[in-house]
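Novice: I'm passing along model-v7.csv; it holds CSV, C-alpha atoms and all ligand atoms.
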```csv
chain,number,residue,atom,x,y,z
A,1,PRO,CA,-21.1,-27.1,-2.6
A,2,THR,CA,-21.6,-24.0,-0.4
A,3,THR,CA,-23.5,-21.0,-1.6
A,4,PRO,CA,-21.2,-18.0,-1.8
A,5,LEU,CA,-21.9,-14.7,-0.2
A,6,ILE,CA,-22.7,-12.2,-2.9
A,7,CYS,CA,-21.2,-8.7,-2.4
A,8,PRO,CA,-22.5,-6.3,-5.0
A,9,SER,CA,-20.0,-3.5,-5.7
A,10,ILE,CA,-21.9,-0.3,-5.7
A,11,LEU,CA,-19.3,1.2,-8.0
A,12,ALA,CA,-21.5,-0.2,-10.8
A,13,SER,CA,-24.7,1.2,-9.3
A,14,ASP,CA,-26.5,4.5,-10.2
A,15,PHE,CA,-24.5,7.1,-8.1
A,16,ALA,CA,-27.5,9.5,-8.3
A,17,LYS,CA,-29.6,7.0,-6.4
A,18,LEU,CA,-27.2,5.3,-4.0
A,19,GLY,CA,-29.6,5.0,-1.1
A,20,ALA,CA,-32.2,3.3,-3.2
A,21,GLU,CA,-29.6,1.1,-4.8
A,22,VAL,CA,-28.3,-0.4,-1.5
A,23,ALA,CA,-31.9,-1.0,-0.4
A,24,ALA,CA,-32.7,-2.6,-3.7
A,25,ILE,CA,-29.7,-5.1,-3.6
A,26,GLU,CA,-30.7,-6.0,0.0
A,27,ALA,CA,-34.2,-6.8,-1.2
A,28,ALA,CA,-32.8,-8.7,-4.1
A,29,GLY,CA,-30.8,-11.1,-1.8
A,30,ALA,CA,-27.3,-9.5,-1.5
A,31,ASP,CA,-25.3,-10.5,1.6
A,32,TRP,CA,-22.8,-7.6,1.9
A,33,VAL,CA,-22.5,-4.2,0.3
A,34,HIS,CA,-19.1,-3.9,-1.3
A,35,VAL,CA,-17.8,-0.3,-1.2
A,36,ASP,CA,-14.9,0.5,-3.5
A,37,VAL,CA,-12.9,3.4,-2.1
A,38,MET,CA,-10.4,4.9,-4.6
A,39,ASP,CA,-8.2,7.9,-4.0
A,40,GLY,CA,-6.8,8.8,-7.5
A,41,HIS,CA,-3.3,8.0,-6.2
A,42,PHE,CA,-3.1,4.3,-5.2
A,43,VAL,CA,-5.5,3.6,-8.1
A,44,PRO,CA,-6.3,5.8,-11.1
A,45,ASN,CA,-9.9,6.7,-10.1
A,46,ILE,CA,-11.7,8.6,-7.3
A,47,THR,CA,-14.9,7.3,-5.8
A,48,ILE,CA,-16.5,7.1,-2.3
A,49,GLY,CA,-15.5,9.2,0.7
A,50,PRO,CA,-16.5,8.4,4.3
A,51,ASP,CA,-19.4,10.9,4.3
A,52,VAL,CA,-21.1,8.9,1.5
A,53,VAL,CA,-20.8,5.7,3.5
A,54,LYS,CA,-22.3,7.5,6.5
A,55,ALA,CA,-25.2,8.7,4.4
A,56,LEU,CA,-25.8,5.2,3.1
A,57,ARG,CA,-25.8,3.5,6.5
A,58,PRO,CA,-29.5,4.0,7.3
A,59,HIS,CA,-30.6,2.7,4.0
A,60,THR,CA,-29.7,-1.0,4.6
A,61,SER,CA,-28.9,-3.4,7.4
A,62,LEU,CA,-26.4,-5.4,5.3
A,63,PRO,CA,-22.8,-5.3,6.4
A,64,PHE,CA,-20.6,-2.7,4.7
A,65,ASP,CA,-17.6,-4.4,3.2
A,66,VAL,CA,-15.2,-1.5,2.5
A,67,HIS,CA,-12.4,-2.1,0.1
A,68,LEU,CA,-9.8,0.7,0.7
A,69,MET,CA,-7.7,1.5,-2.4
A,70,VAL,CA,-6.1,4.4,-0.6
A,71,ALA,CA,-2.5,5.2,0.3
A,72,PRO,CA,-1.5,5.9,3.0
A,73,VAL,CA,-4.5,4.0,4.4
A,74,ASP,CA,-4.0,4.3,8.1
A,75,PRO,CA,-5.3,7.8,8.5
A,76,TRP,CA,-8.7,6.7,7.0
A,77,LEU,CA,-9.5,3.6,9.0
A,78,GLU,CA,-11.3,5.4,11.9
A,79,ALA,CA,-13.4,7.6,9.6
A,80,TYR,CA,-14.7,4.7,7.6
A,81,ARG,CA,-15.4,2.6,10.7
A,82,GLU,CA,-17.3,5.5,12.3
A,83,ALA,CA,-19.2,5.9,9.0
A,84,GLY,CA,-20.5,2.4,9.4
A,85,ALA,CA,-18.0,0.0,7.9
A,86,ASP,CA,-18.2,-3.5,9.2
A,87,ILE,CA,-15.2,-4.9,7.3
A,88,LEU,CA,-12.1,-2.8,6.3
A,89,THR,CA,-9.9,-4.4,3.7
A,90,VAL,CA,-6.5,-3.0,2.9
A,91,HIS,CA,-3.8,-3.6,0.3
A,92,PRO,CA,-0.4,-4.4,1.8
A,93,GLU,CA,1.2,-1.8,-0.5
A,94,SER,CA,-0.9,1.0,1.1
A,95,GLY,CA,1.2,1.4,4.2
A,96,PRO,CA,4.5,0.3,5.7
A,97,HIS,CA,3.2,-1.7,8.6
A,98,LEU,CA,0.5,-4.2,7.6
A,99,HIS,CA,0.6,-6.0,10.9
A,100,ARG,CA,-0.1,-2.7,12.8
A,101,THR,CA,-2.8,-1.7,10.3
A,102,LEU,CA,-4.7,-5.0,10.8
A,103,GLY,CA,-4.4,-4.8,14.5
A,104,ARG,CA,-5.8,-1.2,14.4
A,105,ILE,CA,-8.8,-2.3,12.3
A,106,ARG,CA,-9.7,-5.0,14.9
A,107,GLN,CA,-9.1,-2.5,17.7
A,108,LEU,CA,-11.7,-0.3,16.0
A,109,GLY,CA,-14.2,-3.2,16.3
A,110,ALA,CA,-14.2,-4.0,12.5
A,111,LYS,CA,-13.3,-7.2,10.7
A,112,ALA,CA,-9.9,-6.9,9.1
A,113,GLY,CA,-9.3,-7.9,5.4
A,114,VAL,CA,-6.2,-8.1,3.3
A,115,VAL,CA,-6.5,-7.7,-0.5
A,116,LEU,CA,-3.9,-9.0,-3.0
A,117,ASN,CA,-3.5,-7.5,-6.5
A,118,PRO,CA,-3.0,-10.0,-9.3
A,119,GLY,CA,0.8,-9.3,-9.1
A,120,THR,CA,1.0,-9.4,-5.3
A,121,PRO,CA,2.4,-12.7,-3.9
A,122,LEU,CA,0.4,-14.8,-1.5
A,123,SER,CA,3.4,-14.9,0.8
A,124,VAL,CA,2.5,-11.4,2.3
A,125,LEU,CA,-0.2,-13.2,4.2
A,126,GLU,CA,2.0,-15.7,6.0
A,127,ASP,CA,2.9,-13.6,9.0
A,128,VAL,CA,-0.4,-11.8,9.5
A,129,ILE,CA,-2.8,-14.7,8.9
A,130,GLU,CA,-4.0,-14.7,12.6
A,131,LEU,CA,-5.0,-11.1,12.2
A,132,VAL,CA,-7.1,-11.6,9.1
A,133,ASP,CA,-10.9,-12.1,9.0
A,134,LEU,CA,-11.0,-11.9,5.2
A,135,VAL,CA,-8.7,-12.4,2.3
A,136,LEU,CA,-9.7,-10.7,-0.9
A,137,LEU,CA,-8.0,-11.8,-4.2
A,138,MET,CA,-8.2,-9.3,-7.0
A,139,SER,CA,-9.1,-10.9,-10.3
A,140,VAL,CA,-8.5,-7.6,-12.2
A,141,ASN,CA,-6.0,-4.8,-11.6
A,142,PRO,CA,-8.0,-2.4,-9.3
A,143,GLY,CA,-9.3,1.0,-10.4
A,144,PHE,CA,-12.3,0.3,-12.6
A,145,GLY,CA,-15.4,-1.8,-12.8
A,146,GLY,CA,-16.3,-3.8,-15.9
A,147,GLN,CA,-12.9,-5.4,-16.6
A,148,SER,CA,-12.3,-9.0,-17.6
A,149,PHE,CA,-11.6,-11.8,-15.1
A,150,ILE,CA,-7.9,-12.8,-15.1
A,151,GLY,CA,-8.0,-16.6,-15.4
A,152,SER,CA,-4.9,-17.3,-13.4
A,153,THR,CA,-6.7,-16.1,-10.3
A,154,LEU,CA,-8.4,-19.6,-10.0
A,155,LYS,CA,-5.0,-21.2,-9.1
A,156,LYS,CA,-4.3,-18.4,-6.6
A,157,ILE,CA,-7.7,-19.1,-5.0
A,158,GLU,CA,-6.8,-22.7,-4.6
A,159,ARG,CA,-3.4,-21.8,-3.1
A,160,THR,CA,-5.0,-19.3,-0.7
A,161,ARG,CA,-7.6,-21.9,0.4
A,162,ALA,CA,-4.8,-24.4,1.1
A,163,MET,CA,-2.9,-21.7,3.1
A,164,LEU,CA,-6.0,-20.8,5.2
A,165,ASP,CA,-6.9,-24.4,5.9
A,166,ALA,CA,-3.3,-25.2,6.9
A,167,ALA,CA,-3.3,-22.3,9.3
A,168,GLY,CA,-6.7,-23.3,10.7
A,169,SER,CA,-8.0,-19.9,9.7
A,170,SER,CA,-11.8,-19.4,9.2
A,171,ALA,CA,-11.2,-16.2,7.3
A,172,HIS,CA,-13.5,-15.5,4.3
A,173,LEU,CA,-11.9,-15.9,0.9
A,174,GLN,CA,-13.4,-13.3,-1.4
A,175,VAL,CA,-12.8,-12.7,-5.1
A,176,ASP,CA,-13.2,-9.3,-6.9
A,177,GLY,CA,-13.2,-8.2,-10.5
A,178,GLY,CA,-14.9,-9.5,-13.6
A,179,VAL,CA,-16.9,-12.0,-11.6
A,180,THR,CA,-19.9,-13.3,-13.6
A,181,ALA,CA,-22.2,-16.3,-13.6
A,182,ALA,CA,-19.8,-17.8,-16.1
A,183,ASN,CA,-16.8,-17.9,-13.7
A,184,ALA,CA,-18.5,-17.8,-10.3
A,185,GLY,CA,-18.8,-21.6,-10.1
A,186,ALA,CA,-15.1,-22.0,-10.8
A,187,CYS,CA,-14.2,-19.5,-8.1
A,188,VAL,CA,-16.3,-21.3,-5.5
A,189,ALA,CA,-15.0,-24.7,-6.6
A,190,ALA,CA,-11.5,-23.4,-6.1
A,191,GLY,CA,-12.3,-22.3,-2.6
A,192,ALA,CA,-13.9,-18.9,-2.6
A,193,ASP,CA,-16.8,-18.3,-0.2
A,194,ALA,CA,-17.6,-14.7,-1.1
A,195,LEU,CA,-17.9,-13.0,-4.5
A,196,VAL,CA,-17.8,-9.3,-5.3
A,197,ALA,CA,-19.7,-8.4,-8.5
A,198,GLY,CA,-20.4,-5.0,-9.9
A,199,THR,CA,-21.5,-5.2,-13.5
A,200,ALA,CA,-22.9,-8.7,-13.1
A,201,VAL,CA,-25.3,-7.5,-10.4
A,202,PHE,CA,-26.3,-4.1,-11.6
A,203,ARG,CA,-26.7,-4.8,-15.3
A,204,GLY,CA,-30.3,-4.5,-16.4
A,205,GLY,CA,-31.4,-2.1,-13.6
A,206,PRO,CA,-33.3,-2.8,-10.4
A,207,ASP,CA,-35.8,-5.2,-11.9
A,208,ALA,CA,-32.9,-7.5,-12.8
A,209,TYR,CA,-31.0,-7.5,-9.5
A,210,ALA,CA,-32.7,-10.5,-7.9
A,211,ALA,CA,-32.2,-12.7,-10.9
A,212,ASN,CA,-28.6,-11.5,-11.3
A,213,ILE,CA,-27.8,-12.3,-7.7
A,214,ALA,CA,-29.6,-15.7,-7.9
A,215,ALA,CA,-27.6,-16.6,-11.0
A,216,LEU,CA,-24.3,-15.9,-9.2
A,217,LYS,CA,-25.4,-18.0,-6.2
A,218,ALA,CA,-26.5,-20.9,-8.4
A,219,ALA,CA,-23.5,-20.9,-10.7
B,1,LIG,C1,-12.1,-2.8,-8.9
B,1,LIG,C2,-13.1,-3.0,-7.8
B,1,LIG,C3,-14.1,-4.0,-8.0
B,1,LIG,C4,-15.0,-3.7,-9.2
B,1,LIG,C5,-15.8,-4.9,-9.5
B,1,LIG,O1,-11.1,-1.9,-8.6
B,1,LIG,O2,-12.4,-3.3,-6.6
B,1,LIG,O3,-14.9,-4.2,-6.9
B,1,LIG,O4,-15.8,-2.6,-9.0
B,1,LIG,O5,-16.6,-4.6,-10.7
B,1,LIG,P1,-16.9,-5.7,-11.8
B,1,LIG,O6,-17.6,-6.8,-11.2
B,1,LIG,O7,-17.7,-4.9,-12.8
B,1,LIG,O8,-15.6,-6.1,-12.3
B,2,ZN,ZN,-13.5,-4.0,-4.7
```
Represent the structure contained in this file as structure tokens.

Specialist:
Amino acid sequence: PTTPLICPSILASDFAKLGAEVAAIEAAGADWVHVDVMDGHFVPNITIGPDVVKALRPHTSLPFDVHLMVAPVDPWLEAYREAGADILTVHPESGPHLHRTLGRIRQLGAKAGVVLNPGTPLSVLEDVIELVDLVLLMSVNPGFGGQSFIGSTLKKIERTRAMLDAAGSSAHLQVDGGVTAANAGACVAAGADALVAGTAVFRGGPDAYAANIAALKAA
């Protein structure tokens, strides 16, 4: 089986030491840095603005995988791209014109992702699949770290994998929320190739990051 890309969510890191935290996960074997952007409107929490992303950019050479939980999202794409985002992932509910939003992301030179909430049907992907470099399936309802993995996501991963393969898409299939070494293997077996993990990476502090990441890769 393929080894998944591990994308630690810095939401679970020490916000007083963010620069050191992104450097530490790079040294510990992380593949991407997952940045959860929340606006207190689309989701009930407020987190990381573009200036924070910009400040972090010199502290790691890993790709910045920016998950935008912001509505409306279109006015923020350029700011996060200029701040150093490599991937910009948007929820279809965060604007009226998903096709245009994805085109705009690619026009800015970033990879374009679409993220589906647990209650959002896979069918929203059908007519934009050629514009998508990454599909993110939420395995919790977004807004907070530390929630439990929703088991029905595994079937949705399988259905998404089938849809991507049928379309000849090489888009990444990423899972986010409650991912641990106990369910990572099932996610990859179902067809995921990238795993977001907050709690499961940052628990135990910097000395534990390498083992935590290795456990997710091996699962
Ligand atoms: C939820 C975020 C996730 C979350 C993951 O809204 O999108 O990235 O921080 O954290 P854990 O792994 O702790 O569920
Ligand atoms: Zn996320």

Novice: Hey, which bits of chain A sit within 6 Å of ligand ZN 2 (chain B), and for each residue what's the closest pair of atoms and how far apart in Å (one decimal), counting all atoms listed in the file, rows by chain and increasing number, as CSV?

Specialist:
```
residue,atom,partner,partner_atom,distance
A:Asp36,CA,B:ZN2,ZN,4.9
A:His67,CA,B:ZN2,ZN,5.3
A:Asp176,CA,B:ZN2,ZN,5.7
```

Novice: Produce as a ChimeraX atom specification the set of residues near ligand LIG 1 (chain B), where near means within 6 Å with all atoms listed in the file considered.

Specialist: /A:9,11,36,142-147,176-179,197-200

Novice: Neighbouring residues of Ala182 (chain A) were defined as those with any atom within 12 Å, considering only C-alpha atoms; residues of the same chain fewer than 2 positions away were excluded. Please report them as a list of chain:residue names.

Specialist: A:Ser148, A:Phe149, A:Gly151, A:Gly178, A:Val179, A:Thr180, A:Ala184, A:Gly185, A:Ala186, A:Cys187, A:Val188, A:Ala200, A:Asn212, A:Ala215, A:Leu216, A:Lys217, A:Ala218, A:Ala219

Novice: Out of A:Val22, A:Ile105, A:Ile157, A:Leu62, which residue has the shortest atom-to-atom distance to Pro118 (chain A) when counting only C-alpha atoms?

Specialist: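 Of A:Val22, A:Ile105, A:Ile157, A:Leu62, the one nearest Pro118 (chain A), counting only C-alpha atoms, is A:Ile157.
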
Novice: Using all atoms listed in the file, pick whichever of A:Thr60, A:Thr153, A:Asn141, A:Asn183 has the shortest atom-to-atom distance to Ala20 (chain A).

Specialist: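 Closest residue, counting all atoms listed in the file: A:Thr60.
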
Novice: When you draw a straight line from CA of Ala181 (chain A) to CA of Ala16 (chain A), how long is it in Å?

Specialist: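 Separating CA of Ala181 (chain A) from CA of Ala16 (chain A) is a distance of 26.9 Å.
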
Novice: May I ask for the distance between CA of Gly29 (chain A) and CA of Ala194 (chain A), given in Å to one decimal place?

Specialist: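 If I compute the distance from CA of Gly29 (chain A) to CA of Ala194 (chain A), I get 13.7 Å.
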
Novice: What does the structure give for the distance between CA of Ser94 (chain A) and CA of Leu68 (chain A), in Å to one decimal?

Specialist: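 Taking CA of Ser94 (chain A) and CA of Leu68 (chain A), their separation equals 8.9 Å.
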
Novice: With distances taken over all atoms listed in the file, which residue among A:Val53, A:Ile46, A:Leu131, A:Ala192 lies nearest Lys155 (chain A)?

Specialist: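 Counting all atoms listed in the file, the residue closest to Lys155 (chain A) is A:Ala192.
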
Novice: Kindly indicate which residue among A:Phe64, A:Tyr209, A:Tyr80, A:Trp32 lies nearest to Val196 (chain A), using all atoms listed in the file for the distances.

Specialist: A:Trp32

Novice: Using all atoms listed in the file, can you tell me which of A:Leu134, A:Ile6, A:Ala12, A:Ala24 comes closest to Ala208 (chain A)?

Specialist: A:Ala24

Novice: Quick one: everything within 7 Å of Asp65 (chain A), counting all atoms listed in the file, minus sequence neighbours fewer than 5 positions away in the same chain. Send it as a list of chain:residue names.

Specialist: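 Returned residues: A:Trp32, A:Val33, A:His34, A:Val35, A:Ala85, A:Asp86, A:Ile87, A:Leu88.
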
Novice: Quick one: of A:Val37, A:Val73, A:Leu122, A:Ile129, who's nearest to Arg104 (chain A), counting all atoms listed in the file?

Specialist: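 Of A:Val37, A:Val73, A:Leu122, A:Ile129, the one nearest Arg104 (chain A) is A:Val73, counting all atoms listed in the file.
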
Novice: Val114 (chain A): which residues within 7 Å, counting all atoms listed in the file, same-chain residues fewer than 5 positions away excluded, as number ranges by chain?

Specialist: A: 89-91, 132, 134-136

Novice: Could you add whatever atoms are missing so that region 129-156 of chain A carries N, CA and C atoms, then write the result as a PDB file, in the coordinates of the input?

Specialist:
```pdb
ATOM      1  N   ILE A 129      -1.562 -13.924   9.175  1.00  0.00           N
ATOM      2  CA  ILE A 129      -2.800 -14.700   8.900  1.00  0.00           C
ATOM      3  C   ILE A 129      -3.705 -14.745  10.159  1.00  0.00           C
ATOM      4  N   GLU A 130      -3.136 -14.702  11.362  1.00  0.00           N
ATOM      5  CA  GLU A 130      -4.000 -14.700  12.600  1.00  0.00           C
ATOM      6  C   GLU A 130      -4.739 -13.415  12.771  1.00  0.00           C
ATOM      7  N   LEU A 131      -4.331 -12.388  12.068  1.00  0.00           N
ATOM      8  CA  LEU A 131      -5.000 -11.100  12.200  1.00  0.00           C
ATOM      9  C   LEU A 131      -6.014 -10.791  11.170  1.00  0.00           C
ATOM     10  N   VAL A 132      -6.267 -11.790  10.327  1.00  0.00           N
ATOM     11  CA  VAL A 132      -7.100 -11.600   9.100  1.00  0.00           C
ATOM     12  C   VAL A 132      -8.419 -12.293   9.209  1.00  0.00           C
ATOM     13  N   ASP A 133      -9.505 -11.541   9.002  1.00  0.00           N
ATOM     14  CA  ASP A 133     -10.900 -12.100   9.000  1.00  0.00           C
ATOM     15  C   ASP A 133     -11.334 -12.371   7.551  1.00  0.00           C
ATOM     16  N   LEU A 134     -10.637 -11.777   6.586  1.00  0.00           N
ATOM     17  CA  LEU A 134     -11.000 -11.900   5.200  1.00  0.00           C
ATOM     18  C   LEU A 134      -9.796 -11.728   4.304  1.00  0.00           C
ATOM     19  N   VAL A 135      -9.670 -12.612   3.324  1.00  0.00           N
ATOM     20  CA  VAL A 135      -8.700 -12.400   2.300  1.00  0.00           C
ATOM     21  C   VAL A 135      -9.408 -12.167   0.984  1.00  0.00           C
ATOM     22  N   LEU A 136      -9.045 -11.072   0.338  1.00  0.00           N
ATOM     23  CA  LEU A 136      -9.700 -10.700  -0.900  1.00  0.00           C
ATOM     24  C   LEU A 136      -8.616 -10.869  -2.036  1.00  0.00           C
ATOM     25  N   LEU A 137      -8.930 -11.675  -3.021  1.00  0.00           N
ATOM     26  CA  LEU A 137      -8.000 -11.800  -4.200  1.00  0.00           C
ATOM     27  C   LEU A 137      -8.614 -10.988  -5.327  1.00  0.00           C
ATOM     28  N   MET A 138      -7.816 -10.060  -5.843  1.00  0.00           N
ATOM     29  CA  MET A 138      -8.200  -9.300  -7.000  1.00  0.00           C
ATOM     30  C   MET A 138      -8.062 -10.154  -8.256  1.00  0.00           C
ATOM     31  N   SER A 139      -9.137 -10.219  -9.045  1.00  0.00           N
ATOM     32  CA  SER A 139      -9.100 -10.900 -10.300  1.00  0.00           C
ATOM     33  C   SER A 139      -9.046  -9.961 -11.494  1.00  0.00           C
ATOM     34  N   VAL A 140      -8.816  -8.681 -11.173  1.00  0.00           N
ATOM     35  CA  VAL A 140      -8.500  -7.600 -12.200  1.00  0.00           C
ATOM     36  C   VAL A 140      -7.494  -6.701 -11.446  1.00  0.00           C
ATOM     37  N   ASN A 141      -6.815  -5.868 -12.194  1.00  0.00           N
ATOM     38  CA  ASN A 141      -6.000  -4.800 -11.600  1.00  0.00           C
ATOM     39  C   ASN A 141      -6.989  -3.710 -11.136  1.00  0.00           C
ATOM     40  N   PRO A 142      -6.944  -3.294  -9.859  1.00  0.00           N
ATOM     41  CA  PRO A 142      -8.000  -2.400  -9.300  1.00  0.00           C
ATOM     42  C   PRO A 142      -7.968  -1.020  -9.948  1.00  0.00           C
ATOM     43  N   GLY A 143      -9.126  -0.397  -9.921  1.00  0.00           N
ATOM     44  CA  GLY A 143      -9.300   1.000 -10.400  1.00  0.00           C
ATOM     45  C   GLY A 143     -10.569   1.211 -11.142  1.00  0.00           C
ATOM     46  N   PHE A 144     -11.092   0.161 -11.751  1.00  0.00           N
ATOM     47  CA  PHE A 144     -12.300   0.300 -12.600  1.00  0.00           C
ATOM     48  C   PHE A 144     -13.167  -0.925 -12.487  1.00  0.00           C
ATOM     49  N   GLY A 145     -14.461  -0.725 -12.620  1.00  0.00           N
ATOM     50  CA  GLY A 145     -15.400  -1.800 -12.800  1.00  0.00           C
ATOM     51  C   GLY A 145     -15.385  -2.255 -14.267  1.00  0.00           C
ATOM     52  N   GLY A 146     -16.035  -3.374 -14.539  1.00  0.00           N
ATOM     53  CA  GLY A 146     -16.300  -3.800 -15.900  1.00  0.00           C
ATOM     54  C   GLY A 146     -15.078  -4.365 -16.648  1.00  0.00           C
ATOM     55  N   GLN A 147     -14.019  -4.777 -15.918  1.00  0.00           N
ATOM     56  CA  GLN A 147     -12.900  -5.400 -16.600  1.00  0.00           C
ATOM     57  C   GLN A 147     -13.070  -6.930 -16.639  1.00  0.00           C
ATOM     58  N   SER A 148     -12.194  -7.584 -17.420  1.00  0.00           N
ATOM     59  CA  SER A 148     -12.300  -9.000 -17.600  1.00  0.00           C
ATOM     60  C   SER A 148     -11.542  -9.800 -16.516  1.00  0.00           C
ATOM     61  N   PHE A 149     -12.145 -10.869 -16.063  1.00  0.00           N
ATOM     62  CA  PHE A 149     -11.600 -11.800 -15.100  1.00  0.00           C
ATOM     63  C   PHE A 149     -10.244 -12.360 -15.550  1.00  0.00           C
ATOM     64  N   ILE A 150      -9.209 -12.272 -14.730  1.00  0.00           N
ATOM     65  CA  ILE A 150      -7.900 -12.800 -15.100  1.00  0.00           C
ATOM     66  C   ILE A 150      -7.898 -14.310 -14.633  1.00  0.00           C
ATOM     67  N   GLY A 151      -7.808 -15.204 -15.616  1.00  0.00           N
ATOM     68  CA  GLY A 151      -8.000 -16.600 -15.400  1.00  0.00           C
ATOM     69  C   GLY A 151      -7.072 -17.264 -14.377  1.00  0.00           C
ATOM     70  N   SER A 152      -5.842 -16.758 -14.307  1.00  0.00           N
ATOM     71  CA  SER A 152      -4.900 -17.300 -13.400  1.00  0.00           C
ATOM     72  C   SER A 152      -5.252 -17.167 -11.927  1.00  0.00           C
ATOM     73  N   THR A 153      -6.266 -16.324 -11.669  1.00  0.00           N
ATOM     74  CA  THR A 153      -6.700 -16.100 -10.300  1.00  0.00           C
ATOM     75  C   THR A 153      -7.258 -17.459  -9.701  1.00  0.00           C
ATOM     76  N   LEU A 154      -7.777 -18.344 -10.547  1.00  0.00           N
ATOM     77  CA  LEU A 154      -8.400 -19.600 -10.000  1.00  0.00           C
ATOM     78  C   LEU A 154      -7.315 -20.404  -9.255  1.00  0.00           C
ATOM     79  N   LYS A 155      -6.113 -20.503  -9.808  1.00  0.00           N
ATOM     80  CA  LYS A 155      -5.000 -21.200  -9.100  1.00  0.00           C
ATOM     81  C   LYS A 155      -4.665 -20.515  -7.807  1.00  0.00           C
ATOM     82  N   LYS A 156      -4.693 -19.198  -7.851  1.00  0.00           N
ATOM     83  CA  LYS A 156      -4.300 -18.400  -6.600  1.00  0.00           C
ATOM     84  C   LYS A 156      -5.412 -18.635  -5.562  1.00  0.00           C
TER      85      LYS A 156
END
```
